[in-house]
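Engineer: As input, take input-v6.cif (mmCIF, C-alpha atoms):
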data_my_file
#
loop_
_atom_site.label_atom_id
_atom_site.label_comp_id
_atom_site.auth_asym_id
_atom_site.auth_seq_id
_atom_site.Cartn_x
_atom_site.Cartn_y
_atom_site.Cartn_z
CA MET I 199 -80.23 89.06 121.67
CA VAL I 200 -76.55 88.41 121.10
CA ALA I 201 -76.64 85.38 123.35
CA LYS I 202 -79.56 83.88 121.39
CA GLN I 203 -77.77 84.45 118.10
CA SER I 204 -74.53 82.83 119.28
CA LYS I 205 -76.50 79.83 120.50
CA TYR I 206 -78.19 79.51 117.11
CA GLU I 207 -74.83 79.77 115.39
CA GLN I 208 -73.43 77.02 117.55
CA ILE I 209 -76.36 74.73 116.64
CA ARG I 210 -75.92 75.51 112.92
CA LEU I 211 -72.21 74.78 112.98
CA SER I 212 -72.83 71.61 114.92
CA ARG I 213 -75.31 70.37 112.28
CA MET I 214 -72.94 71.26 109.45
CA GLU I 215 -70.22 69.27 111.12
CA GLU I 216 -72.51 66.27 111.50
CA ASN I 217 -73.60 66.47 107.85
CA LYS I 218 -69.97 66.64 106.78
CA LYS I 219 -69.14 63.52 108.76
CA ARG I 220 -72.09 61.69 107.25
CA MET I 221 -71.06 62.64 103.71
CA GLU I 222 -67.50 61.50 104.36
CA ALA I 223 -68.83 58.21 105.70
CA LEU I 224 -70.78 57.71 102.43
CA ASN I 225 -67.86 58.88 100.19
CA LEU I 226 -70.14 61.50 98.67
CA PRO I 227 -67.36 64.09 98.19
CA LEU I 228 -65.31 61.73 96.08
CA LEU I 229 -68.39 60.75 94.05
CA SER I 230 -69.33 64.36 93.30
CA GLN I 231 -65.73 65.14 92.33
CA SER I 232 -65.64 62.22 89.86
CA LEU I 233 -68.89 63.43 88.29
CA ARG I 234 -67.45 66.90 87.80
CA THR I 235 -64.26 65.60 86.13
CA THR I 236 -66.09 63.20 83.76
CA SER I 237 -66.62 64.56 80.23
CA PRO I 238 -70.28 65.32 79.51
CA ASN I 239 -70.02 63.84 76.00
CA PRO I 240 -69.48 60.11 76.02
CA SER I 241 -66.72 58.84 73.78
CA PRO I 242 -68.03 57.41 70.51
CA MET I 243 -68.13 53.66 70.14
CA LYS I 244 -65.32 52.16 68.18
CA GLN I 245 -66.56 51.04 64.78
CA SER I 246 -65.41 47.58 64.04
CA ALA I 247 -64.42 46.71 60.48
CA PRO I 248 -67.26 45.06 58.51
CA ARG I 249 -67.03 41.35 58.30
CA PRO I 250 -66.37 39.98 54.84
CA ARG I 251 -69.46 38.55 53.14
CA VAL I 252 -69.28 34.81 52.87
CA VAL I 253 -71.03 33.26 49.88
CA LYS I 254 -71.80 29.62 50.28
CA LYS I 255 -71.63 27.54 47.13
CA GLU I 256 -73.77 24.48 46.90
CA VAL I 257 -74.15 21.94 44.15
CA VAL I 258 -77.81 21.82 43.20
CA VAL I 259 -79.28 19.09 41.07
CA VAL I 260 -81.62 20.61 38.51
CA ARG I 261 -84.86 18.71 38.45
CA ARG I 262 -86.28 17.94 35.05
CA SER I 263 -89.92 17.51 34.18
CA SER I 264 -91.19 13.97 34.65
CA ARG I 265 -92.14 13.95 30.98
CA VAL I 266 -88.53 14.41 29.84
CA ALA I 267 -86.59 13.08 32.83
CA ASN I 268 -85.98 9.71 31.20
CA LYS I 269 -85.25 11.11 27.76
CA PRO I 270 -81.72 11.88 26.54
CA SER I 271 -80.48 15.46 26.47
CA PRO I 272 -80.90 17.30 23.16
CA VAL I 273 -78.06 16.83 20.71
CA VAL I 274 -76.31 19.99 19.52
CA VAL I 275 -75.41 19.69 15.87
CA ASP I 276 -72.58 21.75 14.43
CA ARG I 277 -73.55 23.71 11.37
CA VAL I 278 -71.67 22.72 8.25
CA MET I 279 -70.70 25.48 5.85
CA ILE I 280 -69.62 25.25 2.23
CA PRO I 281 -66.10 26.64 1.68
CA ARG I 282 -66.05 29.88 -0.27
CA ARG I 283 -65.16 29.71 -3.89
CA GLY I 284 -61.46 30.03 -4.40
CA MET I 285 -60.59 28.58 -0.99
CA TYR I 286 -59.92 25.25 -2.62
CA GLY I 287 -58.85 25.04 -6.23
CA SER I 288 -61.00 21.97 -6.85
CA PHE I 289 -64.21 23.72 -5.81
CA VAL I 290 -64.84 25.49 -9.12
CA CYS I 291 -68.34 25.74 -10.57
CA ARG I 292 -68.59 26.00 -14.34
CA VAL I 293 -71.48 25.93 -16.75
CA SER I 294 -71.23 22.68 -18.64
CA SER I 295 -71.86 22.60 -22.33
CA GLY I 296 -75.43 21.75 -23.30
CA ARG I 297 -78.73 23.21 -24.28
CA SER I 298 -79.67 26.50 -22.72
CA ARG I 299 -83.18 26.35 -21.26
CA ASP I 300 -85.55 29.03 -20.12
CA LEU I 301 -86.76 27.84 -16.71
CA SER I 302 -88.50 31.06 -15.70
CA ASN I 303 -91.90 29.73 -16.80
CA ARG I 304 -91.35 26.31 -15.17
CA VAL I 305 -91.80 24.09 -18.20
CA TYR I 306 -92.96 20.61 -17.22
CA ALA I 307 -91.64 17.60 -19.11
CA SER I 308 -94.11 15.30 -20.80
CA ASP I 309 -94.54 11.80 -19.46
CA GLU I 310 -92.89 10.42 -22.62
CA ALA I 311 -89.86 12.70 -22.30
CA ARG I 312 -89.47 11.86 -18.60
CA ALA I 313 -89.72 8.12 -19.24
CA GLU I 314 -87.22 8.30 -22.10
CA ALA I 315 -84.62 10.18 -20.03
CA LEU I 316 -85.14 7.78 -17.11
CA GLU I 317 -84.69 4.76 -19.38
CA LYS I 318 -81.41 6.14 -20.72
CA ALA I 319 -80.18 6.77 -17.20
CA GLU I 320 -81.08 3.25 -16.07
CA ASN I 321 -79.25 1.74 -19.03
CA LEU I 322 -76.15 3.78 -18.19
CA HIS I 323 -76.54 2.87 -14.54
CA ALA I 324 -76.53 -0.84 -15.39
CA ASN I 325 -73.14 -0.48 -17.08
CA LEU I 326 -71.40 1.32 -14.20
CA GLU I 327 -68.94 -0.39 -11.90
CA THR I 328 -70.91 -2.28 -9.30
CA HIS I 329 -68.51 -1.84 -6.38
CA TYR I 330 -69.51 1.84 -6.14
CA PRO I 331 -73.00 2.37 -4.62
CA SER I 332 -75.26 4.33 -6.97
CA PHE I 333 -78.87 5.27 -7.71
CA VAL I 334 -80.95 7.07 -10.36
CA LYS I 335 -82.96 10.21 -9.61
CA SER I 336 -85.55 11.79 -11.94
CA MET I 337 -85.73 15.58 -11.62
CA LEU I 338 -88.91 17.38 -10.60
CA ILE I 339 -89.77 21.07 -10.71
CA SER I 340 -88.99 21.42 -6.98
CA HIS I 341 -85.50 20.01 -7.59
CA VAL I 342 -84.47 22.45 -10.31
CA THR I 343 -86.47 25.65 -9.64
CA GLY I 344 -87.87 27.46 -6.62
CA GLY I 345 -86.91 25.56 -3.49
CA PHE I 346 -83.89 23.75 -4.98
CA TRP I 347 -84.02 20.85 -2.54
CA LEU I 348 -82.98 17.35 -3.60
CA GLY I 349 -84.20 14.44 -1.50
CA LEU I 350 -82.18 11.23 -1.76
CA PRO I 351 -83.35 7.61 -1.27
CA LYS I 352 -83.57 6.98 2.48
CA SER I 353 -82.33 3.39 2.28
CA PHE I 354 -79.28 4.49 0.27
CA CYS I 355 -78.49 7.29 2.74
CA LYS I 356 -78.83 5.01 5.75
CA MET I 357 -76.46 2.42 4.32
CA ASN I 358 -73.84 4.60 2.63
CA LEU I 359 -73.81 8.26 3.68
CA PRO I 360 -72.50 10.05 6.81
CA LYS I 361 -74.63 10.14 9.94
CA ARG I 362 -74.04 13.85 10.53
CA ASP I 363 -74.18 17.02 8.42
CA GLU I 364 -71.39 16.90 5.86
CA VAL I 365 -70.08 18.61 2.75
CA MET I 366 -70.80 16.31 -0.19
CA THR I 367 -68.92 17.02 -3.40
CA LEU I 368 -70.70 16.51 -6.73
CA ILE I 369 -68.32 15.76 -9.61
CA ASP I 370 -69.78 16.23 -13.08
CA GLU I 371 -68.76 14.34 -16.23
CA GLU I 372 -66.11 16.96 -17.03
CA GLY I 373 -64.46 16.51 -13.62
CA ASN I 374 -65.64 19.83 -12.14
CA GLU I 375 -66.36 19.68 -8.41
CA HIS I 376 -69.35 21.33 -6.73
CA PRO I 377 -69.65 21.33 -2.89
CA THR I 378 -73.12 20.79 -1.42
CA ILE I 379 -74.49 20.32 2.09
CA TYR I 380 -75.88 16.89 2.97
CA LEU I 381 -78.43 16.78 5.81
CA PRO I 382 -78.86 13.23 7.16
CA ARG I 383 -81.92 14.18 9.24
CA LYS I 384 -83.72 15.09 6.02
CA THR I 385 -81.76 12.69 3.77
CA GLY I 386 -81.12 15.26 1.09
CA LEU I 387 -78.88 17.94 -0.41
CA SER I 388 -79.48 21.56 0.59
CA GLY I 389 -76.95 24.38 0.23
CA GLY I 390 -74.93 24.21 -2.98
CA TRP I 391 -77.43 22.07 -4.87
CA LYS I 392 -78.98 25.15 -6.46
CA GLY I 393 -75.62 26.13 -7.93
CA PHE I 394 -75.14 22.67 -9.40
CA ALA I 395 -78.67 22.62 -10.89
CA VAL I 396 -78.39 26.09 -12.41
CA ASN I 397 -74.85 25.63 -13.72
CA HIS I 398 -75.86 22.40 -15.45
CA ASN I 399 -79.18 23.71 -16.81
CA LEU I 400 -81.15 20.96 -15.12
CA ALA I 401 -84.84 20.86 -15.97
CA ASP I 402 -87.94 18.91 -15.08
CA GLY I 403 -87.72 15.36 -16.47
CA ASP I 404 -83.93 15.09 -16.58
CA ALA I 405 -82.54 11.94 -14.96
CA LEU I 406 -79.32 11.90 -12.92
CA ILE I 407 -77.15 9.00 -11.82
CA PHE I 408 -75.35 9.49 -8.49
CA GLN I 409 -72.36 7.20 -8.03
CA LEU I 410 -70.67 7.30 -4.61
CA ILE I 411 -66.96 7.14 -5.50
CA ARG I 412 -65.81 8.42 -2.08
CA PRO I 413 -67.53 8.60 1.33
CA THR I 414 -68.34 12.28 0.68
CA ALA I 415 -68.22 12.52 -3.12
CA PHE I 416 -70.70 11.65 -5.89
CA LYS I 417 -69.89 11.23 -9.56
CA VAL I 418 -72.96 12.60 -11.38
CA TYR I 419 -74.11 11.60 -14.88
CA ILE I 420 -76.93 13.52 -16.60
CA THR I 421 -79.42 12.33 -19.22
CA ARG I 422 -81.63 15.03 -20.68
CA ALA I 423 -85.35 14.98 -21.24
CA LYS I 424 -86.39 16.25 -24.68
CA VAL I 425 -87.87 19.72 -24.65
CA ASN I 426 -90.77 20.40 -26.99
CA ILE I 427 -90.39 23.92 -28.39
#
Can you present the structure in this file as structure tokens?
Structural biologist:
Amino acid sequence: MVAKQSKYEQIRLSRMEENKKRMEALNLPLLSQSLRTTSPNPSPMKQSAPRPRVVKKEVVVVRRSSRVANKPSPVVVDRVMIPRRGMYGSFVCRVSSGRSRDLSNRVYASDEARAEALEKAENLHANLETHYPSFVKSMLISHVTGGFWLGLPKSFCKMNLPKRDEVMTLIDEEGNEHPTIYLPRKTGLSGGWKGFAVNHNLADGDALIFQLIRPTAFKVYITRAKVNI
């Protein structure tokens, strides 16, 4: 019994020795040792700094509609403002002496009164100095009440007045100056004209002579239409 056991032990030891030699030949001991010493948690990956964002700039030609491609770009017009009263000593509006009229009911001048005032204005116009451009304008209701817009002769404006919005000064017979806004696109006086009309009690049928004494200044003479009371 003992002999059989010792023989078995010898065979077992012999096999263990062979297995050991085989493992050494395959470097298995070193491999197992390296696995035991390696950390089970892998080291985190190094986070590289984010690359800066590069924005590419390109010049792009804006395409215009074929309907407007050959047309010039729109013109931006600066807005002209009338200086406030008191800013310039010459810009003083006063009520000239004359008949006070009640314009609230929009009294229309008769044809005879209109024609008479216009005739007086044309006679005065004929005696003015000819080297100053001038024209005669008969007042209508729209000129002196409500809208207060005064259209000027287009041919006169084209030949003598500025080509862009401008402050035109109206100088009455007493020498008082009244700033107004001239709009060349509409060939007329807008802002400031109401003040001149009201301060001078202008009414339907009156006739005015505008004499251009400076590029942006009119001398204004007034002939009155008779009012039937």
Engineer: With all atoms listed in the file as the atoms that count, which of I:Met214, I:Cys355, I:Leu400, I:Ala423 lies nearest to Phe333 in chain I?
Structural biologist: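 Of all the options, I:Cys355 lies closest to Phe333 in chain I.
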Engineer: Distance CA of Thr367 in chain I-CA of Tyr419 in chain I, one decimal place?
Structural biologist: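 Between these atoms lies a distance of 13.7 Å.
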Engineer: Using all atoms listed in the file, pick whichever of I:Gly344, I:Arg362, I:Ala415, I:Met337 has the shortest atom-to-atom distance to Pro377 in chain I.
Structural biologist: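 So, comparing all the options, the nearest one is I:Ala415.
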Engineer: Work out how far apart CA of Ala223 in chain I and CA of Gln208 in chain I are and give it in Å to one decimal.
Structural biologist: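 Computed distance, CA of Ala223 in chain I to CA of Gln208 in chain I, equals 22.7 Å.
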Engineer: When distances are computed from only C-alpha atoms, which of I:Ala324, I:Leu348, I:Ile369, I:Leu316 shows the smallest separation from His398 in chain I?
Structural biologist: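 Among I:Ala324, I:Leu348, I:Ile369, I:Leu316, it is I:Ile369 that comes nearest to His398 in chain I.
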Engineer: Expressed in Å to a single decimal, how great is the separation between CA of Phe394 in chain I and CA of His329 in chain I?
Structural biologist: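 CA of His329 in chain I lies at a distance of 25.6 Å from CA of Phe394 in chain I.
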Engineer: Hey, which of I:Ser204, I:Phe354, I:Glu215, I:Leu410 ends up closest to Glu327 in chain I? Count only C-alpha atoms.
Structural biologist: I:Leu410
Engineer: Counting all atoms listed in the file, note down every residue that has an atom within 6 Å of the point (-72.4, 18.8, 4.1) (file coordinates), as a VMD selection string.
Structural biologist: chain I and resid 278 363 to 366 378 to 380
Engineer: Kindly resolve the PyMOL selection byres ((chain I and resi 416) around 10) on the present coordinates and return the residues as a PyMOL selection string.
Structural biologist: chain I and resi 330-332+366-370+375-376+407-415+417-419
Engineer: Since I can't run it myself right now, could you work out what the PyMOL selection byres ((chain I and resi 309) around 12) selects here and report it as a list of chain:residue names?
Structural biologist: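 For this structure, the PyMOL selection byres ((chain I and resi 309) around 12) captures I:Tyr306, I:Ala307, I:Ser308, I:Glu310, I:Ala311, I:Arg312, I:Ala313, I:Glu314, I:Ala315, I:Leu316, I:Ser336, I:Leu338, I:Asp402, I:Gly403, I:Asp404, I:Ala423, I:Lys424, I:Val425.
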Engineer: For range 399-404 of chain I, what centre and edge lengths in Å (one decimal) does the axis-aligned box get once 8 Å is added on each side of all its listed atoms, as lines of an AutoDock Vina configuration file?
Structural biologist:
center_x = -83.6
center_y = 19.4
center_z = -15.9
size_x = 24.8
size_y = 24.6
size_z = 17.7
Engineer: Check the smallest atom-to-atom distance from each of I:Leu350, I:Gly373, I:Leu326, I:Leu359 to Thr385 in chain I using all atoms listed in the file, then report the winner.
Structural biologist: I:Leu350
Engineer: Could you check the closest approach to Val305 in chain I for each of I:Leu322, I:Ile339, I:Leu224, I:Val396 and tell me which residue wins, using all atoms listed in the file?
Structural biologist: I:Ile339
